[in-house]
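Colleague: Sending over structure.cif (mmCIF, C-alpha atoms and all ligand atoms).
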data_final
#
loop_
_atom_site.label_atom_id
_atom_site.label_comp_id
_atom_site.auth_asym_id
_atom_site.auth_seq_id
_atom_site.Cartn_x
_atom_site.Cartn_y
_atom_site.Cartn_z
CA MET A 190 94.66 -26.39 6.15
CA PRO A 191 93.63 -22.86 7.25
CA GLN A 192 95.46 -21.05 4.44
CA LYS A 193 93.82 -23.20 1.83
CA GLU A 194 90.42 -22.85 3.45
CA ALA A 195 90.80 -19.08 3.38
CA GLU A 196 91.59 -19.13 -0.31
CA MET A 197 88.58 -21.32 -0.97
CA PHE A 198 86.37 -18.97 1.00
CA PHE A 199 87.27 -15.95 -1.06
CA LYS A 200 86.68 -17.85 -4.28
CA SER A 201 83.11 -18.64 -3.32
CA GLU A 202 80.60 -15.92 -4.23
CA SER A 203 77.90 -17.63 -2.21
CA ARG A 204 80.05 -17.28 0.92
CA TYR A 205 80.63 -13.60 0.23
CA ARG A 206 76.91 -13.22 -0.19
CA MET A 207 76.31 -15.09 3.07
CA LEU A 208 78.63 -12.61 4.85
CA VAL A 209 76.86 -9.57 3.43
CA GLU A 210 73.35 -10.90 3.88
CA ASN A 211 73.89 -11.92 7.50
CA SER A 212 75.61 -8.74 8.58
CA CYS A 213 73.97 -7.05 11.57
CA ASP A 214 74.78 -3.68 10.02
CA ILE A 215 73.11 -2.47 6.86
CA ILE A 216 75.36 -2.83 3.83
CA PHE A 217 74.35 -0.62 0.94
CA SER A 218 75.38 0.61 -2.44
CA LEU A 219 74.22 3.81 -4.16
CA ASN A 220 74.85 5.13 -7.63
CA MET A 221 76.43 8.56 -7.95
CA GLU A 222 72.98 10.23 -8.06
CA GLY A 223 72.07 8.72 -4.72
CA TYR A 224 69.76 5.96 -6.02
CA VAL A 225 69.90 2.76 -3.99
CA ALA A 226 71.36 -0.16 -5.96
CA TYR A 227 71.52 -2.59 -3.05
CA VAL A 228 70.65 -2.84 0.65
CA SER A 229 71.29 -5.94 2.71
CA PRO A 230 68.46 -7.72 4.58
CA ALA A 231 69.54 -6.00 7.83
CA TRP A 232 67.55 -3.01 6.56
CA LYS A 233 64.34 -4.94 7.19
CA LYS A 234 65.40 -5.91 10.71
CA ILE A 235 66.46 -2.37 11.61
CA LEU A 236 63.98 -0.24 9.67
CA GLY A 237 61.12 -2.52 8.80
CA HIS A 238 60.88 -2.16 5.00
CA GLU A 239 61.66 -4.97 2.58
CA PRO A 240 64.89 -4.19 0.68
CA SER A 241 62.82 -4.32 -2.53
CA GLU A 242 60.87 -1.26 -1.29
CA VAL A 243 64.13 0.67 -0.98
CA ILE A 244 66.13 -0.44 -4.01
CA GLY A 245 65.66 1.90 -6.95
CA HIS A 246 64.62 4.81 -4.70
CA ASN A 247 66.76 7.80 -3.88
CA PHE A 248 68.27 7.74 -0.40
CA LYS A 249 66.73 11.20 0.18
CA GLU A 250 63.27 9.59 0.36
CA PHE A 251 64.23 7.89 3.61
CA VAL A 252 66.50 10.46 5.26
CA ASN A 253 65.19 13.32 7.39
CA PRO A 254 65.08 16.48 5.20
CA GLU A 255 67.09 18.39 7.83
CA ASP A 256 69.96 15.90 7.47
CA ILE A 257 70.03 15.62 3.66
CA PRO A 258 72.39 18.60 3.05
CA ARG A 259 74.85 17.14 5.58
CA CYS A 260 74.76 13.74 3.87
CA GLU A 261 75.22 15.35 0.47
CA ASN A 262 78.29 17.20 1.72
CA VAL A 263 79.76 13.96 3.03
CA ILE A 264 79.11 12.21 -0.30
CA ILE A 265 80.79 15.09 -2.14
CA ALA A 266 83.77 14.72 0.22
CA VAL A 267 83.93 10.96 -0.48
CA ILE A 268 83.98 11.61 -4.23
CA ARG A 269 86.44 14.48 -4.00
CA THR A 270 88.94 12.87 -1.66
CA ASN A 271 88.36 9.29 -2.78
CA SER A 272 88.41 8.23 0.86
CA MET A 273 86.05 6.75 3.40
CA GLN A 274 83.89 9.29 5.30
CA GLU A 275 81.41 8.98 8.13
CA MET A 276 77.98 10.56 8.40
CA THR A 277 75.21 10.52 10.98
CA TYR A 278 71.62 11.19 9.99
CA ARG A 279 68.02 10.27 10.79
CA VAL A 280 66.31 7.66 8.69
CA GLN A 281 62.63 6.80 8.85
CA HIS A 282 61.43 3.50 10.25
CA VAL A 283 58.43 1.92 8.58
CA ASP A 284 56.40 2.87 11.71
CA GLY A 285 57.09 6.56 10.97
CA SER A 286 59.60 7.15 13.78
CA TRP A 287 63.07 8.51 13.07
CA ARG A 288 66.14 6.46 13.93
CA TRP A 289 69.67 7.86 14.14
CA HIS A 290 72.14 6.00 11.94
CA THR A 291 75.87 6.31 11.40
CA ALA A 292 77.19 5.24 8.03
CA ARG A 293 80.69 4.84 6.67
CA VAL A 294 80.72 5.53 2.96
CA ASN A 295 83.36 4.95 0.34
CA ARG A 296 83.66 4.98 -3.44
CA HIS A 297 84.36 2.12 -5.75
CA ARG A 298 85.34 2.14 -9.42
CA ASP A 299 84.69 -1.12 -11.26
CA GLU A 300 86.60 -2.56 -14.19
CA ASN A 301 84.33 -0.64 -16.63
CA GLY A 302 85.13 2.66 -14.94
CA VAL A 303 81.65 2.94 -13.32
CA HIS A 304 81.66 4.60 -9.91
CA THR A 305 79.43 3.49 -7.06
CA LEU A 306 79.14 4.50 -3.45
CA PHE A 307 79.02 1.74 -0.90
CA GLY A 308 79.06 1.51 2.84
CA THR A 309 77.75 0.14 6.09
CA ALA A 310 75.26 1.77 8.42
CA TYR A 311 74.26 0.96 11.97
CA ASP A 312 71.70 2.22 14.45
CA VAL A 313 72.97 4.65 17.11
CA THR A 314 69.57 5.82 18.41
CA GLU A 315 69.92 4.17 21.81
CA ARG A 316 73.45 5.50 22.25
CA PHE A 317 72.24 8.99 21.35
CA ARG A 318 69.35 8.70 23.79
CA PHE A 319 71.71 7.63 26.54
CA GLU A 320 74.14 10.46 25.76
CA GLU A 321 71.27 12.93 25.66
CA LEU A 322 70.08 11.62 29.02
CA MET A 323 73.54 12.03 30.53
CA THR A 324 73.96 15.55 29.15
CA ARG A 325 70.49 16.44 30.35
CA THR A 326 71.21 15.09 33.82
CA GLU A 327 74.44 17.08 34.06
CA LYS A 328 72.82 20.21 32.70
CA MET A 329 69.83 19.86 35.01
CA THR A 330 72.06 19.37 38.06
CA MET A 331 73.89 22.57 37.23
CA ILE A 332 70.87 24.67 36.31
CA SER A 333 68.71 23.42 39.15
CA GLY A 334 71.47 24.15 41.67
CA MET A 335 71.66 27.68 40.34
CA ALA A 336 67.88 28.09 40.31
CA ALA A 337 67.57 26.84 43.89
CA GLY A 338 70.34 29.20 45.01
CA MET A 339 68.67 32.14 43.28
CA ALA A 340 65.31 31.22 44.75
CA HIS A 341 66.76 31.25 48.28
CA GLU A 342 68.35 34.65 47.64
CA ILE A 343 65.19 36.18 46.19
CA ASN A 344 62.92 34.69 48.81
CA ASN A 345 63.95 37.05 51.63
CA PRO A 346 63.67 40.37 49.77
CA LEU A 347 60.40 39.19 48.25
CA GLY A 348 59.08 38.37 51.72
CA ALA A 349 60.07 41.88 52.80
CA ILE A 350 58.24 43.48 49.85
CA LEU A 351 55.03 41.59 50.64
CA GLN A 352 55.32 42.21 54.36
CA HIS A 353 55.90 45.95 53.91
CA ALA A 354 53.05 46.31 51.42
CA GLN A 355 50.82 44.89 54.12
CA ASN A 356 52.40 47.20 56.73
CA ILE A 357 51.59 50.28 54.64
CA GLU A 358 47.92 49.27 54.52
CA ARG A 359 47.88 48.62 58.26
CA ARG A 360 49.63 51.88 59.16
CA VAL A 361 46.86 54.02 57.64
CA SER A 362 44.00 52.02 59.08
CA ALA A 363 41.88 53.95 61.57
CA ASP A 364 41.14 50.69 63.39
CA ILE A 365 44.57 50.62 65.02
CA PRO A 366 44.84 52.97 68.04
CA ALA A 367 48.59 53.58 67.56
CA ASN A 368 47.85 55.01 64.07
CA VAL A 369 45.18 57.36 65.41
CA GLN A 370 47.52 58.55 68.12
CA ALA A 371 50.48 59.17 65.77
CA ALA A 372 48.21 61.08 63.34
CA ALA A 373 46.95 63.27 66.21
CA GLU A 374 50.53 63.96 67.32
CA VAL A 375 51.48 65.34 63.90
CA GLY A 376 48.16 67.11 63.49
CA VAL A 377 46.63 65.22 60.53
CA SER A 378 43.32 63.46 60.18
CA LEU A 379 43.71 59.76 59.46
CA ASP A 380 40.36 59.75 57.67
CA LEU A 381 41.62 62.47 55.33
CA VAL A 382 44.89 60.61 54.70
CA HIS A 383 42.84 57.54 53.94
CA ALA A 384 40.53 59.42 51.60
CA TYR A 385 43.48 60.98 49.80
CA MET A 386 45.13 57.60 49.30
CA GLN A 387 41.89 56.15 48.03
CA LYS A 388 41.37 59.04 45.61
CA ARG A 389 44.89 58.78 44.18
CA GLY A 390 44.61 55.01 43.73
CA ILE A 391 47.40 54.28 46.24
CA PHE A 392 45.53 51.29 47.68
CA ASP A 393 45.22 49.88 44.16
CA PHE A 394 48.98 50.19 43.71
CA ILE A 395 49.53 48.34 46.97
CA GLY A 396 47.10 45.68 45.75
CA HIS A 397 49.13 45.31 42.54
CA ILE A 398 52.36 44.95 44.55
CA ARG A 399 50.67 42.20 46.53
CA THR A 400 49.33 40.30 43.50
CA ALA A 401 52.63 40.53 41.64
CA GLY A 402 54.48 39.50 44.80
CA ILE A 403 52.25 36.45 45.27
CA LYS A 404 52.81 35.44 41.63
CA ALA A 405 56.59 35.78 42.16
CA SER A 406 56.33 33.71 45.36
CA GLU A 407 54.64 30.92 43.42
CA ILE A 408 57.51 30.90 40.95
CA ILE A 409 60.05 30.96 43.77
CA SER A 410 58.35 28.12 45.61
CA ASN A 411 58.54 26.06 42.38
CA MET A 412 62.23 26.89 42.07
CA LEU A 413 62.80 25.87 45.68
CA GLN A 414 61.62 22.38 44.72
CA PHE A 415 65.01 22.03 43.05
CA SER A 416 66.75 21.79 46.39
CA ARG A 417 64.02 20.12 48.40
CA ARG A 418 64.27 16.47 49.25
CA SER A 419 61.07 15.85 51.08
CA ASP A 420 59.84 12.54 52.40
CA ALA A 421 56.56 14.11 53.49
CA GLY A 422 53.41 12.35 52.36
CA VAL A 423 55.16 9.27 51.01
CA GLU A 424 52.61 6.48 50.56
CA HIS A 425 52.09 3.19 48.80
CA VAL A 426 49.50 3.86 46.13
CA ASN A 427 47.77 2.04 43.36
CA LEU A 428 48.94 3.97 40.29
CA SER A 429 45.75 3.53 38.30
CA ALA A 430 43.55 4.79 41.13
CA PHE A 431 46.03 7.61 41.69
CA MET A 432 45.89 8.51 38.01
CA ASP A 433 42.06 8.54 38.13
CA LYS A 434 42.13 10.88 41.12
CA THR A 435 44.57 13.19 39.36
CA LEU A 436 42.43 13.24 36.20
CA GLU A 437 39.44 14.13 38.35
CA LEU A 438 41.45 16.91 39.97
CA ALA A 439 42.52 18.22 36.56
CA GLY A 440 38.86 18.26 35.53
CA THR A 441 37.96 20.56 38.43
CA ASP A 442 40.86 22.96 37.93
CA TYR A 443 39.54 26.37 36.90
CA ASP A 444 42.14 27.02 34.17
CA MET A 445 41.76 23.57 32.74
CA LYS A 446 37.98 23.89 32.63
CA LYS A 447 37.63 27.43 31.39
CA LYS A 448 40.73 28.12 29.34
CA TYR A 449 41.61 24.74 27.95
CA ASP A 450 38.22 23.06 27.62
CA PHE A 451 39.32 19.98 29.51
CA HIS A 452 35.84 18.40 29.31
CA ARG A 453 36.03 18.48 25.50
CA ILE A 454 39.10 16.22 25.58
CA GLU A 455 38.45 12.50 25.30
CA LEU A 456 40.25 10.66 28.10
CA LYS A 457 41.32 7.14 27.29
CA ARG A 458 42.63 4.95 30.11
CA ILE A 459 44.63 1.80 29.52
CA TYR A 460 45.43 0.48 32.98
CA ALA A 461 47.37 -2.68 33.76
CA ALA A 462 45.34 -4.98 35.99
CA ASP A 463 48.25 -6.38 37.95
CA LEU A 464 50.09 -3.25 39.09
CA PRO A 465 51.78 -3.63 42.46
CA PRO A 466 51.52 -0.64 44.81
CA VAL A 467 54.11 2.09 44.19
CA LEU A 468 55.77 4.14 46.91
CA LEU A 469 55.51 7.81 46.04
CA SER A 470 55.14 11.30 47.37
CA VAL A 471 51.47 11.94 46.75
CA ALA A 472 51.68 15.73 46.54
CA GLY A 473 54.85 15.65 44.43
CA MET A 474 53.61 13.13 41.91
CA GLU A 475 50.23 14.86 41.71
CA GLN A 476 52.08 18.04 40.75
CA VAL A 477 54.06 16.16 38.08
CA LEU A 478 50.98 14.58 36.52
CA LEU A 479 48.91 17.77 36.69
CA ASN A 480 51.71 19.65 34.95
CA ILE A 481 51.86 17.14 32.14
CA LEU A 482 48.07 17.03 31.81
CA LYS A 483 47.91 20.82 31.75
CA ASN A 484 50.58 21.00 29.04
CA ALA A 485 48.65 18.42 27.03
CA ALA A 486 45.39 20.37 27.45
CA GLN A 487 47.18 23.59 26.45
CA ALA A 488 48.68 21.90 23.39
CA LEU A 489 45.31 20.44 22.41
CA ALA A 490 43.54 23.78 22.85
CA GLY A 491 46.14 25.53 20.69
CA GLY A 492 46.10 23.05 17.82
CA GLU A 493 43.91 23.44 14.76
CA SER A 494 43.60 19.75 14.17
CA ALA A 495 40.29 18.42 12.90
CA GLN A 496 40.58 15.25 14.95
CA GLN A 497 38.96 14.74 18.33
CA PRO A 498 41.44 15.94 21.02
CA ARG A 499 42.47 12.96 23.11
CA ILE A 500 44.69 12.19 26.08
CA THR A 501 45.60 8.54 26.56
CA VAL A 502 46.83 7.51 29.98
CA THR A 503 48.54 4.15 30.34
CA THR A 504 49.86 2.34 33.40
CA ARG A 505 51.95 -0.81 33.24
CA VAL A 506 54.99 -2.57 34.62
CA ALA A 507 58.13 -2.86 32.53
CA GLN A 508 61.62 -3.98 33.51
CA GLY A 509 60.89 -3.85 37.21
CA MET A 510 59.50 -0.33 37.07
CA ALA A 511 56.01 1.09 37.23
CA VAL A 512 55.34 3.08 34.08
CA ILE A 513 52.87 5.89 33.50
CA GLU A 514 52.42 7.24 30.00
CA ILE A 515 50.47 10.36 29.13
CA GLU A 516 50.00 10.81 25.43
CA ASP A 517 48.16 13.55 23.58
CA ASN A 518 47.28 13.81 19.91
CA GLY A 519 48.12 17.53 19.81
CA PRO A 520 50.57 19.39 17.58
CA GLY A 521 53.67 17.76 19.09
CA MET A 522 57.00 19.56 19.02
CA ASN A 523 60.08 19.80 16.90
CA GLU A 524 63.44 18.30 17.81
CA LYS A 525 64.90 21.59 19.13
CA THR A 526 61.99 22.14 21.52
CA ARG A 527 61.94 18.50 22.59
CA GLN A 528 65.56 18.66 23.68
CA ARG A 529 64.99 21.67 25.91
CA ILE A 530 61.61 21.18 27.54
CA PHE A 531 63.00 19.96 30.88
CA GLU A 532 65.13 23.09 31.33
CA PRO A 533 63.89 25.61 33.88
CA PHE A 534 62.28 28.65 32.23
CA PHE A 535 62.20 27.07 28.78
CA THR A 536 58.80 27.88 27.34
CA THR A 537 57.31 28.40 23.91
CA LYS A 538 54.22 29.99 25.43
CA GLU A 539 53.43 33.67 25.60
CA ILE A 540 54.46 35.75 28.58
CA GLY A 541 51.87 35.27 31.28
CA VAL A 542 50.75 31.88 29.92
CA GLY A 543 53.80 29.81 30.84
CA THR A 544 56.88 30.34 32.98
CA GLY A 545 58.60 27.20 31.68
CA LEU A 546 58.91 25.70 35.15
CA GLY A 547 56.30 22.94 34.90
CA LEU A 548 58.44 20.21 33.37
CA SER A 549 61.69 21.17 35.08
CA VAL A 550 59.96 20.77 38.43
CA ALA A 551 58.43 17.49 37.22
CA TYR A 552 61.92 16.34 36.23
CA GLU A 553 63.32 17.11 39.69
CA ILE A 554 60.45 15.42 41.50
CA VAL A 555 60.65 12.26 39.37
CA THR A 556 64.43 11.87 39.17
CA LYS A 557 65.64 13.20 42.52
CA GLY A 558 62.53 12.73 44.64
CA HIS A 559 61.62 9.28 43.36
CA HIS A 560 64.80 7.95 41.69
CA GLY A 561 62.71 7.56 38.58
CA LEU A 562 62.97 8.53 34.94
CA ILE A 563 60.97 10.94 32.84
CA ASP A 564 61.21 11.24 29.09
CA VAL A 565 59.25 12.39 26.09
CA ARG A 566 58.63 11.21 22.56
CA SER A 567 57.24 13.76 20.17
CA HIS A 568 57.22 14.72 16.52
CA PRO A 569 55.58 17.73 14.85
CA GLY A 570 52.01 16.86 13.98
CA LYS A 571 52.20 13.53 15.74
CA GLY A 572 51.39 14.43 19.36
CA SER A 573 53.54 14.02 22.45
CA CYS A 574 53.96 11.15 24.85
CA PHE A 575 55.48 11.59 28.32
CA THR A 576 56.75 8.50 30.11
CA ILE A 577 57.43 8.32 33.82
CA LYS A 578 59.14 5.26 35.24
CA LEU A 579 59.21 4.69 38.99
CA PRO A 580 61.17 1.99 40.78
CA LEU A 581 58.96 -0.66 42.30
CA GLN A 582 61.34 -1.30 45.15
CA GLY A 583 63.13 1.41 47.07
CA GLY A 584 61.85 4.69 48.31
CA ALA A 585 60.38 7.87 47.05
N1 LIG B 1 52.08 18.03 25.42
C1 LIG B 1 52.85 18.94 24.81
N2 LIG B 1 52.71 19.21 23.49
C2 LIG B 1 53.49 20.13 22.88
N3 LIG B 1 54.45 20.85 23.50
C3 LIG B 1 54.64 20.64 24.81
C4 LIG B 1 53.85 19.67 25.54
N4 LIG B 1 54.27 19.66 26.82
C5 LIG B 1 55.26 20.58 26.89
N5 LIG B 1 55.48 21.17 25.71
C6 LIG B 1 56.50 22.20 25.41
O1 LIG B 1 57.41 22.24 26.50
C7 LIG B 1 57.55 23.58 26.97
C8 LIG B 1 57.92 23.56 28.43
O2 LIG B 1 56.86 23.04 29.23
P1 LIG B 1 56.75 23.42 30.77
O3 LIG B 1 55.58 22.74 31.35
O4 LIG B 1 58.07 23.20 31.41
O5 LIG B 1 56.55 24.98 30.73
P2 LIG B 1 55.26 25.80 30.25
O6 LIG B 1 54.08 24.90 30.15
O7 LIG B 1 55.65 26.55 29.02
O8 LIG B 1 55.07 26.81 31.46
P3 LIG B 1 54.50 26.46 32.93
O9 LIG B 1 54.41 24.97 33.03
O10 LIG B 1 55.49 27.03 33.85
O11 LIG B 1 53.16 27.09 32.97
C9 LIG B 1 56.23 24.22 26.62
O12 LIG B 1 56.34 25.64 26.54
C10 LIG B 1 55.91 23.57 25.27
O13 LIG B 1 56.63 24.21 24.24
MG MG B 2 53.61 23.55 31.74
#
Could you render the structure as structure tokens?

Modeller:
Amino acid sequence: MPQKEAEMFFKSESRYRMLVENSCDIIFSLNMEGYVAYVSPAWKKILGHEPSEVIGHNFKEFVNPEDIPRCENVIIAVIRTNSMQEMTYRVQHVDGSWRWHTARVNRHRDENGVHTLFGTAYDVTERFRFEELMTRTEKMTMISGMAAGMAHEINNPLGAILQHAQNIERRVSADIPANVQAAAEVGVSLDLVHAYMQKRGIFDFIGHIRTAGIKASEIISNMLQFSRRSDAGVEHVNLSAFMDKTLELAGTDYDMKKKYDFHRIELKRIYAADLPPVLLSVAGMEQVLLNILKNAAQALAGGESAQQPRITVTTRVAQGMAVIEIEDNGPGMNEKTRQRIFEPFFTTKEIGVGTGLGLSVAYEIVTKGHHGLIDVRSHPGKGSCFTIKLPLQGGA
């Protein structure tokens, strides 16, 4: 009889216990000072520690320090309003990584008048990652459209500046007969005009216009990548061999050699033996990988870590995609930086060192040019790891 069975169920403590201990969510109880009185076995499945390593400790030992004040406010609200409240915070996995959890907390007063906090918590990290990815995709579509539009607009006047700087130099050259003739017609000596310009440094100014213009053109041509969908140079390549070639290229780059001591960095390669060929735009993907390697070298050169600087490059196949991972053991980055690194012009480097375009261009090339994915894992002091996933079937 169902009614009777239900009554029996609620009389049995062992069945209650079975419900709690088999819950997929973490069920917990804290005293009013925040010390853990109970956590269900789901804690071990989700976060890796044995419940006995958690019980008796304060919840603050496991929660990210940035999120503790928020949790405390929620707990105060639970106590004050005597009602269930929700909080979202980061909690540390036994492997050191942070997982986002949402918990619903309430207060209970037992027959002796003792108050406890109790609740359930579940992991929302994947949902957050997905939402972050969606927001990033939307934001990037908007920003990159704007950047490409701006680049097109700036390209013409910039071309004119460079062209006219060159014209000025040409118009005072004695090697061009039309100049000599025009000078004679107005009664001036071209040699003297030339000497005057030299003496007053006018040729140097023109040189500066040209160098600055070329630098601006490089930035513009990066921004134009945002609207370019090129199929040029698409080839089937072996990713590991391609990675080796790119590492070799990075090693010969002047900046990498001289400024960032690339040869000092230990390169570790973990290549899958059975990688099928991947269809990609050779020039595009080379640019992506060089950008990431350069960032890693810059991060490793800037850090004061005592450990041997190292870049680990991994290739493998996962879920029908070819995966490249580039990991450094540099200073890593905080959460705020991590969330913004794919935005155009976001940089933490000094003016002249970085324009903040490297990763935004990489993002465009990987996602739009190759229908792939690019993401980063990083924590302060724990290095950074960039992952690129490329579809094994379909085109670049
Ligand atoms: N491996 C890394 N370690 C630590 N921080 C990184 C790493 N890679 C990127 N970053 C951060 O991401 C920011 C953006 O990188 P991005 O490559 O887009 O621009 P940039 O390197 O600053 O400038 P540019 O690439 O245009 O020279 C960097 O300024 C840095 O703060
Ligand atoms: Mg860069």

Colleague: Distance CA of Ala486 (chain A)-CA of Arg566 (chain A), one decimal place?

Modeller: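 Interatomic distance here is 16.8 Å.
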
Colleague: Taking all atoms of region 528-547 of chain A that appear in the file, build a box with edges along x, y and z, extend it by 4 Å on every side, and state its centre and edge lengths in Å to one decimal, as lines of an AutoDock Vina configuration file.

Modeller:
center_x = 58.2
center_y = 27.2
center_z = 29.4
size_x = 22.8
size_y = 25.1
size_z = 19.5

Colleague: Could you list the protein, DNA and RNA residues that have any atom within 8 Å of ligand MG 2 (chain B), counting only C-alpha atoms and all ligand atoms, and write them as a PyMOL selection string?

Modeller: chain A and resi 480-481+483-484+543-548

Colleague: Could you check how far CA of Ala490 (chain A) sits from CA of Tyr449 (chain A), in Å to one decimal?

Modeller: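 CA of Ala490 (chain A) sits 5.5 Å away from CA of Tyr449 (chain A).
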
Colleague: Would you compute the distance between CA of Phe535 (chain A) and CA of Ser549 (chain A)? Give it in Å to one decimal.

Modeller: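 Between CA of Phe535 (chain A) and CA of Ser549 (chain A) the gap works out to 8.6 Å.
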
Colleague: Taking only residues of chain A that have an atom at most 9 Å from an atom of ligand LIG 1 (chain B), what is each one's shortest atom pair and its distance in Å to one decimal, using only C-alpha atoms and all ligand atoms, in chain and number order, as a tab-separated table?

Modeller:
residue	atom	partner	partner_atom	distance
A:Ile408	CA	B:LIG1	O10	8.3
A:Asn480	CA	B:LIG1	O3	6.1
A:Ile481	CA	B:LIG1	N4	6.4
A:Leu482	CA	B:LIG1	N1	7.6
A:Lys483	CA	B:LIG1	O6	7.6
A:Asn484	CA	B:LIG1	N4	4.5
A:Ala485	CA	B:LIG1	N1	3.8
A:Ala486	CA	B:LIG1	N1	7.4
A:Gln487	CA	B:LIG1	N1	7.5
A:Ala488	CA	B:LIG1	N2	4.8
A:Leu489	CA	B:LIG1	N2	7.6
A:Ile515	CA	B:LIG1	N1	8.7
A:Glu516	CA	B:LIG1	N1	7.5
A:Asp517	CA	B:LIG1	N1	6.2
A:Asn518	CA	B:LIG1	N1	8.4
A:Gly519	CA	B:LIG1	N2	6.1
A:Pro520	CA	B:LIG1	C2	6.1
A:Gly521	CA	B:LIG1	C2	4.5
A:Met522	CA	B:LIG1	C2	5.2
A:Asn523	CA	B:LIG1	N3	8.7
A:Thr526	CA	B:LIG1	O13	6.4
A:Arg527	CA	B:LIG1	O1	7.1
A:Arg529	CA	B:LIG1	O1	7.6
A:Ile530	CA	B:LIG1	O1	4.5
A:Phe531	CA	B:LIG1	O4	5.9
A:Glu532	CA	B:LIG1	O4	7.1
A:Pro533	CA	B:LIG1	O4	6.8
A:Phe534	CA	B:LIG1	O4	6.9
A:Phe535	CA	B:LIG1	C8	5.5
A:Thr536	CA	B:LIG1	O12	3.4
A:Thr537	CA	B:LIG1	O12	3.9
A:Lys538	CA	B:LIG1	O12	5.0
A:Glu539	CA	B:LIG1	O7	8.2
A:Gly541	CA	B:LIG1	O11	8.5
A:Val542	CA	B:LIG1	O11	6.2
A:Gly543	CA	B:LIG1	O8	3.3
A:Thr544	CA	B:LIG1	O10	3.7
A:Gly545	CA	B:LIG1	O5	3.2
A:Leu546	CA	B:LIG1	O10	3.9
A:Gly547	CA	B:LIG1	O9	3.3
A:Leu548	CA	B:LIG1	O4	3.6
A:Ser549	CA	B:LIG1	O4	5.5
A:Val550	CA	B:LIG1	O4	7.7
A:Ala551	CA	B:LIG1	O4	8.2
A:Val565	CA	B:LIG1	N4	8.8
A:Ser567	CA	B:LIG1	N2	7.8
A:Pro569	CA	B:LIG1	C2	8.6
A:Gly572	CA	B:LIG1	N2	6.5
A:Ser573	CA	B:LIG1	N1	5.2
A:Cys574	CA	B:LIG1	N1	7.2
A:Phe575	CA	B:LIG1	N1	7.8

Colleague: Mind listing whatever residues come within 12 Å of the point (66.0, -4.4, 9.6)? Use all atoms listed in the file, file coordinates, and give them as number ranges by chain.

Modeller: A: 210-216, 228-240, 243, 281-283, 288, 310-312

Colleague: Which residues of region 359-414 of chain A come within 6 Å of region 318-340 of chain A, and what is each one's closest atom pair and distance in Å (one decimal), counting only C-alpha atoms, sorted by chain and residue number, as JSON lines?

Modeller:
{"residue": "A:Ile409", "atom": "CA", "partner": "A:Ala340", "partner_atom": "CA", "distance": 5.4}
{"residue": "A:Met412", "atom": "CA", "partner": "A:Ala337", "partner_atom": "CA", "distance": 5.6}
{"residue": "A:Leu413", "atom": "CA", "partner": "A:Ala337", "partner_atom": "CA", "distance": 5.2}

Colleague: Residues near Pro254 (chain A), anyone? I mean within 10 Å using only C-alpha atoms, not counting same-chain ones fewer than 3 positions away, as a PDB file with C-alpha atoms, in the coordinates of the input.

Modeller:
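So the final result, stored in result19.pdb, reads:
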ATOM      1  CA  LYS A 249      66.730  11.200   0.180  1.00  0.00           C
ATOM      2  CA  GLU A 250      63.270   9.590   0.360  1.00  0.00           C
ATOM      3  CA  PHE A 251      64.230   7.890   3.610  1.00  0.00           C
ATOM      4  CA  ILE A 257      70.030  15.620   3.660  1.00  0.00           C
ATOM      5  CA  PRO A 258      72.390  18.600   3.050  1.00  0.00           C
ATOM      6  CA  ARG A 259      74.850  17.140   5.580  1.00  0.00           C
ATOM      7  CA  TYR A 278      71.620  11.190   9.990  1.00  0.00           C
ATOM      8  CA  ARG A 279      68.020  10.270  10.790  1.00  0.00           C
ATOM      9  CA  VAL A 280      66.310   7.660   8.690  1.00  0.00           C
TER      10      VAL A 280
END

Colleague: Which residue, A:Asn247, A:Gln497, A:Ser362, A:Thr504, has the smallest gap to Leu428 (chain A) when you use all atoms listed in the file?

Modeller: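 The shortest atom-to-atom distance to Leu428 (chain A) comes from A:Thr504.
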
Colleague: With distances taken over only C-alpha atoms, which residue among A:Thr309, A:Asn220, A:Asn301, A:Ser286 lies nearest Gln274 (chain A)?

Modeller: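 Comparing A:Thr309, A:Asn220, A:Asn301, A:Ser286 against Gln274 (chain A), the winner is A:Thr309.
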
Colleague: Within 12 Å of Leu468 (chain A), counting only C-alpha atoms, which residues show up once you throw out same-chain ones fewer than 4 positions away? Write them as a VMD selection string, please.

Modeller: chain A and resid 420 to 428 431 473 to 474 510 to 511 558 to 561 579 to 585

Colleague: Applying 10 Å and only C-alpha atoms, which residues near Leu456 (chain A) remain after dropping the ones on its own chain fewer than 5 positions away? List them as a PDB file with C-alpha atoms, in the coordinates of the input.

Modeller:
ATOM      1  CA  LEU A 436      42.430  13.240  36.200  1.00  0.00           C
ATOM      2  CA  PHE A 451      39.320  19.980  29.510  1.00  0.00           C
ATOM      3  CA  PRO A 498      41.440  15.940  21.020  1.00  0.00           C
ATOM      4  CA  ARG A 499      42.470  12.960  23.110  1.00  0.00           C
ATOM      5  CA  ILE A 500      44.690  12.190  26.080  1.00  0.00           C
ATOM      6  CA  THR A 501      45.600   8.540  26.560  1.00  0.00           C
ATOM      7  CA  VAL A 502      46.830   7.510  29.980  1.00  0.00           C
ATOM      8  CA  ASP A 517      48.160  13.550  23.580  1.00  0.00           C
TER       9      ASP A 517
END

Colleague: Taking into account all atoms listed in the file, which residue in the set A:Thr270, A:Thr503, A:Asn253, A:Gln496 is nearest to Asp433 (chain A)?

Modeller: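 Smallest separation from Asp433 (chain A) among the options: A:Thr503.
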
Colleague: Go through A:Met273, A:Leu478, A:Met432, A:Ala405 and flag the residue nearest Lys457 (chain A), using only C-alpha atoms for the distances.

Modeller: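 The shortest atom-to-atom distance to Lys457 (chain A) comes from A:Met432.
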